[in-house]
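As provided, target.cif (mmCIF, C-alpha atoms and all ligand atoms) reads as follows.
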```cif
data_run
loop_
_atom_site.label_atom_id
_atom_site.label_comp_id
_atom_site.auth_asym_id
_atom_site.auth_seq_id
_atom_site.Cartn_x
_atom_site.Cartn_y
_atom_site.Cartn_z
CA MET A 1 71.01 38.43 -225.71
CA GLU A 2 69.32 38.03 -229.04
CA GLN A 3 66.34 35.72 -229.00
CA LYS A 4 66.60 32.66 -231.16
CA LYS A 5 64.41 32.62 -234.23
CA ARG A 6 61.65 30.08 -234.19
CA VAL A 7 61.35 27.15 -236.58
CA LEU A 8 58.22 25.05 -237.01
CA SER A 9 57.66 21.97 -239.06
CA GLY A 10 55.17 19.15 -239.25
CA ILE A 11 55.36 15.57 -240.41
CA GLN A 12 52.56 13.13 -241.13
CA PRO A 13 52.42 9.80 -239.30
CA THR A 14 52.05 7.62 -242.36
CA GLY A 15 54.18 4.63 -241.39
CA ASP A 16 57.78 3.73 -242.23
CA MET A 17 60.38 6.49 -242.35
CA HIS A 18 62.47 6.05 -245.48
CA PHE A 19 65.87 7.46 -246.43
CA GLY A 20 64.18 10.04 -248.65
CA ASN A 21 62.39 11.42 -245.57
CA TYR A 22 65.51 11.21 -243.48
CA PHE A 23 68.05 12.79 -245.85
CA GLY A 24 65.47 15.16 -247.33
CA ALA A 25 63.99 16.56 -244.12
CA VAL A 26 64.53 14.92 -240.75
CA LYS A 27 68.35 15.11 -240.78
CA ASN A 28 68.06 18.82 -241.43
CA TRP A 29 65.53 19.20 -238.57
CA VAL A 30 68.04 17.61 -236.21
CA GLU A 31 70.71 20.12 -237.26
CA LEU A 32 68.38 23.12 -237.03
CA GLN A 33 67.95 22.45 -233.31
CA GLU A 34 71.46 23.86 -232.72
CA LYS A 35 70.60 27.28 -234.05
CA TYR A 36 66.88 27.79 -233.65
CA ASP A 37 64.08 27.43 -231.18
CA CYS A 38 62.37 24.48 -232.86
CA VAL A 39 58.94 22.95 -232.58
CA TYR A 40 58.31 19.77 -234.55
CA THR A 41 54.87 18.32 -234.58
CA VAL A 42 53.52 14.94 -235.64
CA VAL A 43 50.39 16.02 -237.44
CA ASP A 44 47.79 13.39 -236.66
CA TYR A 45 44.87 15.74 -237.37
CA HIS A 46 46.24 16.07 -240.89
CA ALA A 47 46.46 12.31 -241.28
CA MET A 48 42.66 12.06 -240.91
CA THR A 49 42.06 13.96 -244.12
CA MET A 50 42.59 10.83 -246.22
CA PRO A 51 40.86 7.47 -245.74
CA TYR A 52 42.58 5.97 -242.70
CA ASN A 53 42.35 3.44 -239.90
CA PRO A 54 42.04 4.85 -236.33
CA LYS A 55 44.06 2.09 -234.68
CA LYS A 56 46.85 2.45 -237.24
CA LEU A 57 46.83 6.22 -236.85
CA ARG A 58 47.51 5.96 -233.15
CA GLU A 59 50.22 3.33 -233.68
CA ASN A 60 51.89 5.26 -236.47
CA THR A 61 51.88 8.46 -234.43
CA TRP A 62 53.86 6.90 -231.59
CA ASP A 63 56.07 4.95 -233.94
CA LEU A 64 57.02 8.18 -235.70
CA ILE A 65 57.69 9.86 -232.35
CA PHE A 66 60.07 7.03 -231.41
CA ASN A 67 61.72 7.21 -234.83
CA LEU A 68 62.21 10.96 -234.61
CA LEU A 69 63.69 10.67 -231.13
CA SER A 70 66.05 7.95 -232.39
CA THR A 71 67.37 10.19 -235.15
CA GLY A 72 68.23 12.93 -232.67
CA ILE A 73 65.15 15.14 -232.42
CA ARG A 74 65.00 16.30 -228.81
CA ALA A 75 61.92 15.37 -226.78
CA GLU A 76 61.36 18.93 -225.61
CA ASN A 77 61.03 20.09 -229.22
CA LEU A 78 58.50 17.47 -230.14
CA CYS A 79 54.73 17.43 -229.76
CA ILE A 80 51.74 15.54 -231.04
CA GLN A 81 49.33 17.82 -232.81
CA SER A 82 46.16 16.40 -231.25
CA LEU A 83 47.63 16.93 -227.76
CA VAL A 84 47.54 20.62 -228.63
CA PRO A 85 43.88 20.92 -229.66
CA GLU A 86 44.27 24.68 -230.08
CA HIS A 87 45.62 23.87 -233.57
CA ALA A 88 42.11 22.81 -234.52
CA GLU A 89 40.53 25.79 -232.79
CA LEU A 90 42.81 28.27 -234.52
CA CYS A 91 42.18 26.42 -237.77
CA TRP A 92 38.47 27.20 -237.50
CA ILE A 93 39.15 30.87 -236.87
CA LEU A 94 41.63 31.05 -239.75
CA ASN A 95 39.11 29.37 -242.04
CA CYS A 96 37.16 32.58 -241.74
CA PHE A 97 40.17 34.55 -242.99
CA THR A 98 41.00 32.16 -245.83
CA SER A 99 40.00 32.87 -249.37
CA TYR A 100 37.88 30.08 -250.79
CA GLY A 101 39.21 30.92 -254.25
CA LEU A 102 42.82 30.46 -253.15
CA LEU A 103 42.03 27.13 -251.51
CA THR A 104 40.55 25.82 -254.75
CA ARG A 105 43.91 26.45 -256.41
CA MET A 106 46.02 24.24 -254.15
CA THR A 107 47.77 21.70 -256.33
CA GLN A 108 48.22 19.17 -253.52
CA PHE A 109 44.44 18.96 -253.13
CA LYS A 110 44.16 18.01 -256.77
CA ASP A 111 46.60 15.11 -256.35
CA LYS A 112 45.35 13.97 -252.99
CA SER A 113 41.66 14.15 -253.80
CA ALA A 114 42.19 11.79 -256.71
CA GLN A 115 44.09 9.48 -254.36
CA SER A 116 41.34 9.73 -251.72
CA ALA A 117 38.61 8.93 -254.23
CA GLU A 118 40.56 5.82 -255.17
CA ASP A 119 41.58 4.68 -251.66
CA SER A 120 38.12 5.13 -250.17
CA GLY A 121 36.57 2.73 -252.64
CA ASP A 122 33.49 4.94 -253.01
CA GLY A 123 34.90 8.17 -254.41
CA PHE A 124 34.91 9.90 -251.03
CA ILE A 125 36.82 13.18 -250.68
CA SER A 126 36.59 14.84 -247.27
CA ALA A 127 36.10 18.54 -246.65
CA GLY A 128 39.01 18.10 -244.24
CA LEU A 129 41.27 17.40 -247.19
CA PHE A 130 40.11 20.60 -248.81
CA GLY A 131 40.80 22.55 -245.62
CA TYR A 132 44.16 20.82 -245.00
CA PRO A 133 46.27 23.89 -245.85
CA VAL A 134 44.37 26.02 -243.32
CA LEU A 135 45.25 23.55 -240.56
CA GLN A 136 48.85 23.74 -241.73
CA ALA A 137 48.66 27.54 -241.53
CA ALA A 138 47.36 27.18 -237.97
CA ASP A 139 50.30 24.89 -237.09
CA ILE A 140 52.73 27.53 -238.21
CA LEU A 141 51.02 30.71 -237.03
CA ILE A 142 50.07 29.37 -233.61
CA TYR A 143 53.78 29.38 -232.60
CA ARG A 144 54.56 32.64 -234.40
CA ALA A 145 57.23 30.75 -236.35
CA ASP A 146 59.79 32.78 -238.27
CA TYR A 147 60.92 29.94 -240.50
CA VAL A 148 59.46 26.79 -241.95
CA PRO A 149 61.93 24.27 -243.45
CA ILE A 150 60.11 22.99 -246.49
CA GLY A 151 60.62 21.44 -249.86
CA LYS A 152 59.31 22.92 -253.08
CA ASP A 153 56.14 20.83 -252.80
CA GLN A 154 55.07 22.81 -249.74
CA GLU A 155 55.83 26.27 -251.09
CA GLN A 156 52.26 26.94 -252.13
CA HIS A 157 51.02 26.05 -248.64
CA LEU A 158 53.44 28.48 -247.06
CA GLU A 159 52.41 31.18 -249.50
CA LEU A 160 48.78 30.59 -248.48
CA THR A 161 49.80 30.78 -244.81
CA ARG A 162 51.30 34.21 -245.44
CA ASN A 163 48.16 35.30 -247.26
CA ILE A 164 45.95 34.18 -244.35
CA ALA A 165 48.20 35.92 -241.82
CA GLN A 166 48.15 39.10 -243.85
CA ARG A 167 44.37 39.11 -244.20
CA PHE A 168 43.98 38.45 -240.50
CA ASN A 169 46.37 41.26 -239.62
CA ASN A 170 44.54 43.67 -241.94
CA GLN A 171 41.12 42.72 -240.60
CA VAL A 172 42.04 43.11 -236.94
CA GLY A 173 44.15 46.20 -237.60
CA LYS A 174 47.30 44.84 -235.98
CA GLU A 175 50.51 43.22 -237.21
CA TYR A 176 49.74 40.29 -234.98
CA PHE A 177 50.93 37.26 -236.92
CA ILE A 178 54.50 37.00 -238.16
CA LEU A 179 54.63 36.23 -241.88
CA PRO A 180 56.70 33.03 -241.92
CA GLU A 181 59.55 32.57 -244.37
CA PRO A 182 60.53 29.31 -246.03
CA LEU A 183 63.88 27.87 -245.05
CA PHE A 184 65.30 26.18 -248.11
CA THR A 185 68.30 24.39 -246.72
CA LYS A 186 70.44 22.30 -249.00
CA VAL A 187 68.94 18.85 -248.73
CA LEU A 188 69.53 15.92 -251.01
CA LYS A 189 66.64 14.59 -252.99
CA VAL A 190 66.89 10.85 -252.89
CA ARG A 191 65.12 8.99 -255.66
CA SER A 192 63.48 5.59 -255.80
CA THR A 193 65.99 2.75 -256.13
CA ALA A 194 63.52 0.83 -258.30
CA ASP A 195 62.66 3.78 -260.54
CA PRO A 196 65.35 6.44 -260.20
CA GLU A 197 63.41 8.87 -262.39
CA ARG A 198 61.03 9.40 -259.47
CA LYS A 199 61.34 10.69 -255.93
CA MET A 200 61.69 8.05 -253.20
CA SER A 201 58.17 7.75 -251.84
CA LYS A 202 55.98 5.33 -249.96
CA SER A 203 53.06 5.85 -252.28
CA LEU A 204 55.01 4.24 -255.13
CA GLY A 205 55.09 0.93 -253.24
CA GLU A 206 57.47 -1.16 -251.13
CA LYS A 207 60.11 -1.68 -253.81
CA HIS A 208 60.63 2.05 -254.13
CA TYR A 209 61.74 3.09 -250.69
CA ILE A 210 64.31 1.95 -248.17
CA ASN A 211 63.07 1.94 -244.61
CA VAL A 212 65.53 3.65 -242.24
CA PHE A 213 64.47 1.32 -239.43
CA GLY A 214 64.35 -1.78 -241.60
CA GLU A 215 66.32 -4.98 -241.07
CA GLU A 216 69.92 -4.92 -242.27
CA ALA A 217 69.34 -7.80 -244.68
CA ARG A 218 66.46 -5.95 -246.27
CA ILE A 219 68.42 -2.74 -246.71
CA ARG A 220 71.27 -4.66 -248.36
CA LYS A 221 68.88 -6.53 -250.60
CA GLN A 222 67.16 -3.36 -251.76
CA VAL A 223 70.42 -1.58 -252.49
CA ARG A 224 71.71 -4.62 -254.33
CA SER A 225 68.65 -4.66 -256.55
CA ALA A 226 68.76 -0.92 -257.26
CA VAL A 227 68.41 -0.01 -260.93
CA THR A 228 71.72 1.23 -262.34
CA ASP A 229 71.89 1.32 -266.11
CA THR A 230 68.83 0.74 -268.22
CA GLY A 231 70.72 1.39 -271.41
CA ASP A 232 68.72 4.56 -272.20
CA THR A 233 71.34 6.98 -270.94
CA PRO A 234 73.28 8.77 -273.69
CA ALA A 235 76.98 7.87 -273.85
CA GLY A 236 79.12 10.00 -271.57
CA GLU A 237 76.26 10.76 -269.16
CA MET A 238 75.70 9.19 -265.78
CA SER A 239 72.46 7.23 -265.55
CA PRO A 240 69.92 8.41 -262.95
CA GLY A 241 70.28 5.16 -261.02
CA VAL A 242 74.05 5.47 -260.65
CA GLU A 243 73.69 9.15 -259.83
CA ASN A 244 71.21 8.25 -257.09
CA LEU A 245 73.64 5.75 -255.56
CA PHE A 246 76.39 8.38 -255.49
CA LEU A 247 73.91 10.80 -253.97
CA LEU A 248 73.11 8.33 -251.20
CA LEU A 249 76.81 8.02 -250.42
CA GLU A 250 77.10 11.79 -250.22
CA ALA A 251 73.96 12.09 -248.08
CA ALA A 252 75.38 9.48 -245.72
CA GLY A 253 78.51 11.61 -245.37
CA LYS A 254 80.87 9.08 -246.96
CA MET A 255 82.78 11.63 -248.98
CA ASP A 256 86.09 9.74 -249.11
CA THR A 257 84.46 6.65 -250.55
CA HIS A 258 82.41 8.87 -252.86
CA LYS A 259 85.58 10.50 -254.21
CA GLU A 260 87.35 7.21 -254.69
CA LEU A 261 84.48 5.51 -256.49
CA MET A 262 83.80 8.59 -258.60
CA ALA A 263 87.41 8.52 -259.82
CA THR A 264 87.00 4.85 -260.70
CA TYR A 265 83.76 5.66 -262.50
CA GLN A 266 85.44 8.40 -264.50
CA ALA A 267 88.21 6.04 -265.44
CA GLY A 268 85.49 3.73 -266.77
CA GLU A 269 86.42 1.01 -264.31
CA LEU A 270 83.64 1.14 -261.76
CA LYS A 271 81.91 -2.11 -260.89
CA TYR A 272 78.38 -1.31 -259.83
CA VAL A 273 78.51 -3.98 -257.19
CA ASP A 274 81.29 -2.05 -255.41
CA LEU A 275 79.23 1.13 -255.47
CA LYS A 276 76.21 -0.75 -254.17
CA ASP A 277 78.19 -2.39 -251.38
CA ALA A 278 79.53 0.98 -250.29
CA VAL A 279 76.02 2.48 -250.27
CA ALA A 280 74.60 -0.49 -248.39
CA ASP A 281 77.37 -0.26 -245.77
CA ALA A 282 76.74 3.45 -245.31
CA LEU A 283 72.97 3.07 -244.94
CA VAL A 284 73.29 0.07 -242.64
CA GLU A 285 75.67 2.03 -240.41
CA ILE A 286 73.10 4.82 -239.98
CA SER A 287 70.24 2.40 -239.59
CA THR A 288 72.05 0.30 -236.99
CA ALA A 289 72.78 3.30 -234.79
CA PHE A 290 69.16 4.48 -235.00
CA ARG A 291 67.76 1.04 -234.34
CA GLU A 292 69.92 0.63 -231.27
CA ARG A 293 68.72 3.96 -230.00
CA LYS A 294 65.11 2.98 -230.72
CA ALA A 295 65.51 -0.29 -228.82
CA GLU A 296 66.73 1.71 -225.79
CA LEU A 297 63.75 4.02 -226.04
CA ASN A 298 61.40 1.08 -226.43
CA ALA A 299 62.77 -0.45 -223.27
CA ASN A 300 61.45 2.65 -221.47
CA LYS A 301 58.35 3.06 -223.53
CA LYS A 302 56.15 4.41 -220.79
CA GLU A 303 58.62 7.05 -219.61
CA VAL A 304 59.32 8.16 -223.16
CA LYS A 305 55.61 8.53 -223.86
CA ASN A 306 55.19 10.54 -220.68
CA GLN A 307 58.06 12.73 -221.69
CA ILE A 308 56.38 13.51 -225.01
CA LYS A 309 53.06 14.18 -223.31
CA ALA A 310 54.81 16.58 -220.95
CA ALA A 311 56.61 18.27 -223.85
CA SER A 312 53.29 18.63 -225.67
CA ALA A 313 51.74 20.19 -222.56
CA GLU A 314 54.63 22.65 -222.34
CA ILE A 315 54.44 23.54 -226.03
CA ARG A 316 50.67 23.83 -225.67
CA LYS A 317 51.09 26.79 -223.34
CA ARG A 318 52.42 28.87 -226.22
CA ALA A 319 49.55 27.78 -228.42
CA GLN A 320 47.03 28.68 -225.74
CA GLU A 321 48.51 32.12 -225.37
CA THR A 322 48.14 32.72 -229.11
CA VAL A 323 44.56 31.51 -229.14
CA ARG A 324 43.66 33.76 -226.19
CA GLU A 325 45.08 36.75 -227.99
CA VAL A 326 43.37 35.78 -231.23
CA LYS A 327 40.01 35.46 -229.46
CA GLU A 328 40.52 38.87 -227.97
CA LEU A 329 41.31 40.35 -231.39
CA THR A 330 38.43 38.63 -233.20
CA GLY A 331 35.56 39.41 -230.81
CA LEU A 332 35.18 35.89 -229.49
CA GLN A 333 34.61 35.19 -225.81
CA ASN A 334 37.79 34.81 -223.91
CA VAL A 335 37.21 33.51 -220.43
CA ARG A 336 39.53 31.24 -218.51
CA PHE A 337 37.44 28.72 -216.62
N1 LIG B 1 51.79 19.32 -245.25
C1 LIG B 1 53.07 18.85 -244.78
C2 LIG B 1 53.49 17.66 -245.64
O1 LIG B 1 52.66 17.01 -246.25
C3 LIG B 1 53.03 18.46 -243.33
C4 LIG B 1 52.74 19.62 -242.45
C5 LIG B 1 51.63 19.81 -241.67
C6 LIG B 1 53.59 20.73 -242.23
N2 LIG B 1 51.74 20.97 -240.97
C7 LIG B 1 52.91 21.56 -241.28
C8 LIG B 1 54.84 21.12 -242.74
C9 LIG B 1 53.47 22.77 -240.87
C10 LIG B 1 55.38 22.31 -242.31
C11 LIG B 1 54.70 23.15 -241.38
O2 LIG B 1 54.66 17.36 -245.68
#
```

Let me see the file written as structure tokens.
Ligand code: TRP
Amino acid sequence: MEQKKRVLSGIQPTGDMHFGNYFGAVKNWVELQEKYDCVYTVVDYHAMTMPYNPKKLRENTWDLIFNLLSTGIRAENLCIQSLVPEHAELCWILNCFTSYGLLTRMTQFKDKSAQSAEDSGDGFISAGLFGYPVLQAADILIYRADYVPIGKDQEQHLELTRNIAQRFNNQVGKEYFILPEPLFTKVLKVRSTADPERKMSKSLGEKHYINVFGEEARIRKQVRSAVTDTGDTPAGEMSPGVENLFLLLEAAGKMDTHKELMATYQAGELKYVDLKDAVADALVEISTAFRERKAELNANKKEVKNQIKAASAEIRKRAQETVREVKELTGLQNVRF
């Protein structure tokens, strides 16, 4: 039997999961589990690279775990990065195979360092933020992943990962690391309901994203106040706000309603309130199912946490094997105590 290809992805525990995260990444992760051997990791080491609060980090990590489980990610495919400390160990080793020059060209560092300087209040930018992409490379290479489902914003990081793997392989004289490929699946890019010119994102502020696990009333309110027409759209073109609402319907799988309302739109008879109601219903339906599932998981909090710790321990075995082999190849001591 052919072995399943391996998929790896990571997600930062930064608080609320919004519909942009869900439709743009997590929903796809759930589906990939059918076809691939998947490891998904909540990257708490990465979350330390920006100014942060330790108590919140721990809370957000578990909250994200519960959210991911509620959306259909299977416990056995899920681990917490800091429960697999070999990520950090491999990161150090890979640092020594990473070109400093390439790291200085990472565009995400440019954005995030400006953000860090602002958030910290004293201009602080950590070296961890600079080394962030090397830790990401370690996440991927440690499991010998074949594919990484990513958006365009992470392409440069994956390219760097391949460069590090290649340099490592050349230096040790062995095709040890697999060069991972991006997996660009068709995902829908949801935009902010308050400013549909921009991607839905937490960093824009509360008005701009719809929390998947939010209260029904809040979801409805946010959809109702979504920007539709600002009057700047040329005649005959659909405004970005209306387009985004149709996109949400499509993402939610409501194709019949989508078709119907689109026909009405084309006939010039669409009332935005009808479109908004349809979108709100669709999002509430998804949210309600997830929230019910989350309540069940929360009722067994301790067992669920233990399950994730056990899954992390199981996944860790693969990481340990890689690190042992890497230590062997790089001249480090490799003794099992
Ligand atoms: N850098 C990714 C992001 O900001 C998160 C991440 C960390 C990741 N490690 C990863 C993504 C490994 C894919 C593979 O979204």

Which chains and residue numbers are within 10 Å of ligand LIG 1 (chain B), counting only C-alpha atoms and all ligand atoms, if I want them as a PyMOL selection string? chain A and resi 7-13+21+25+39-47+81+108+132-141+145+147-151+153-155+157-158+161+182

Quick one: residues within 9 Å of Arg291 (chain A), all atoms listed in the file, excluding same-chain residues fewer than 3 positions away - as a VMD selection string? chain A and resid 67 70 212 to 214 286 to 288 294 to 296

Report, in Å with one decimal, the straight-line distance from CA of Lys112 (chain A) to CA of Ala127 (chain A).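 It comes out at 12.1 Å.
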
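Distances to Tyr22 (chain A) were evaluated for A:Lys110, A:Arg144, A:Lys189, A:Arg224 using all atoms listed in the file, and the minimum falls at A:Lys189.
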
Neighbours of Met48 (chain A) within 9 Å (only C-alpha atoms; same-chain residues fewer than 5 positions away dropped), as a ChimeraX atom specification? /A:53-54,57,128-129

For a quick check of understanding, using all atoms listed in the file, which of A:Arg74, A:Lys35, A:Lys221, A:Arg191 has the smallest distance to Asn244 (chain A)?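 Under the stated criterion, the closest residue is A:Arg191.
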
Anything within 10 Å of (64.3, 10.5, -252.5): list those residues as a ChimeraX atom specification, counting all atoms listed in the file and sticking to the file's coordinates. /A:18-24,188-193,196,198-201,208-210,244,247-248

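With only C-alpha atoms as the atoms that count, the residue of A:Trp29, A:Gly231, A:Phe168, A:Ser126 with the shortest distance to Cys96 (chain A) is A:Phe168.
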
Counting only C-alpha atoms, figure out which residue out of A:Leu83, A:Leu332, A:Leu297, A:Ile93 gets nearest to Thr71 (chain A).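 Nearest candidate to Thr71 (chain A) out of A:Leu83, A:Leu332, A:Leu297, A:Ile93: A:Leu297.
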
Taking (72.2, 8.1, -261.8) as a centre in this file's frame and 10 Å as the limit, can you find every polymer residue with an atom that close, using all atoms listed in the file, and give them as a count of residues only? 19

Proximity to Gln222 (chain A) - best of A:Ala280, A:Ala263, A:Val172, A:Leu103, all atoms listed in the file: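 For Gln222 (chain A), the nearest of the given residues is A:Ala280.
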
Subset file as a short mmCIF file (atom, residue, chain, number, x, y, z; two decimals), in the first residue's frame: region 275-285 of chain A, all heavy atoms:
```cif
data_model
loop_
_atom_site.label_atom_id
_atom_site.label_comp_id
_atom_site.auth_asym_id
_atom_site.auth_seq_id
_atom_site.Cartn_x
_atom_site.Cartn_y
_atom_site.Cartn_z
N LEU A 275 -29.84 39.75 1.30
CA LEU A 275 -28.52 39.12 1.18
C LEU A 275 -27.88 38.98 2.56
O LEU A 275 -27.35 37.93 2.92
CB LEU A 275 -27.63 39.97 0.24
CG LEU A 275 -26.18 39.52 0.08
CD1 LEU A 275 -26.09 38.11 -0.50
CD2 LEU A 275 -25.41 40.49 -0.85
N LYS A 276 -27.97 40.04 3.33
CA LYS A 276 -27.37 40.02 4.67
C LYS A 276 -28.03 38.98 5.57
O LYS A 276 -27.33 38.26 6.31
CB LYS A 276 -27.47 41.40 5.31
CG LYS A 276 -26.48 42.39 4.71
CD LYS A 276 -26.63 43.75 5.34
CE LYS A 276 -25.51 44.68 4.87
NZ LYS A 276 -25.64 46.01 5.46
N ASP A 277 -29.35 38.89 5.49
CA ASP A 277 -30.04 37.88 6.30
C ASP A 277 -29.59 36.47 5.93
O ASP A 277 -29.38 35.62 6.79
CB ASP A 277 -31.57 38.00 6.13
CG ASP A 277 -32.12 39.15 6.96
OD1 ASP A 277 -31.38 39.69 7.81
OD2 ASP A 277 -33.30 39.53 6.75
N ALA A 278 -29.45 36.25 4.63
CA ALA A 278 -29.03 34.92 4.17
C ALA A 278 -27.62 34.61 4.67
O ALA A 278 -27.34 33.49 5.13
CB ALA A 278 -29.09 34.84 2.65
N VAL A 279 -26.74 35.60 4.61
CA VAL A 279 -25.36 35.39 5.08
C VAL A 279 -25.35 35.14 6.58
O VAL A 279 -24.72 34.19 7.07
CB VAL A 279 -24.46 36.61 4.73
CG1 VAL A 279 -23.12 36.51 5.43
CG2 VAL A 279 -24.28 36.73 3.22
N ALA A 280 -26.11 35.96 7.30
CA ALA A 280 -26.16 35.80 8.76
C ALA A 280 -26.67 34.40 9.12
O ALA A 280 -26.09 33.72 9.98
CB ALA A 280 -27.03 36.88 9.39
N ASP A 281 -27.75 33.96 8.46
CA ASP A 281 -28.29 32.62 8.74
C ASP A 281 -27.22 31.55 8.51
O ASP A 281 -27.07 30.62 9.31
CB ASP A 281 -29.49 32.30 7.82
CG ASP A 281 -30.73 33.11 8.22
OD1 ASP A 281 -30.75 33.67 9.33
OD2 ASP A 281 -31.68 33.16 7.40
N ALA A 282 -26.50 31.68 7.40
CA ALA A 282 -25.50 30.67 7.04
C ALA A 282 -24.37 30.64 8.08
O ALA A 282 -23.93 29.56 8.51
CB ALA A 282 -24.94 30.95 5.65
N LEU A 283 -23.91 31.81 8.48
CA LEU A 283 -22.80 31.86 9.45
C LEU A 283 -23.25 31.37 10.83
O LEU A 283 -22.52 30.65 11.52
CB LEU A 283 -22.21 33.28 9.56
CG LEU A 283 -21.60 33.86 8.27
CD1 LEU A 283 -20.91 35.19 8.57
CD2 LEU A 283 -20.61 32.90 7.61
N VAL A 284 -24.47 31.76 11.20
CA VAL A 284 -25.00 31.34 12.50
C VAL A 284 -25.15 29.81 12.54
O VAL A 284 -24.86 29.18 13.55
CB VAL A 284 -26.33 32.05 12.81
CG1 VAL A 284 -27.09 31.36 13.94
CG2 VAL A 284 -26.08 33.51 13.17
N GLU A 285 -25.56 29.24 11.43
CA GLU A 285 -25.72 27.78 11.38
C GLU A 285 -24.39 27.08 11.66
O GLU A 285 -24.31 26.15 12.47
CB GLU A 285 -26.25 27.40 9.99
CG GLU A 285 -26.61 25.94 9.86
CD GLU A 285 -27.09 25.61 8.45
OE1 GLU A 285 -27.83 26.42 7.84
OE2 GLU A 285 -26.70 24.53 7.96
#
```
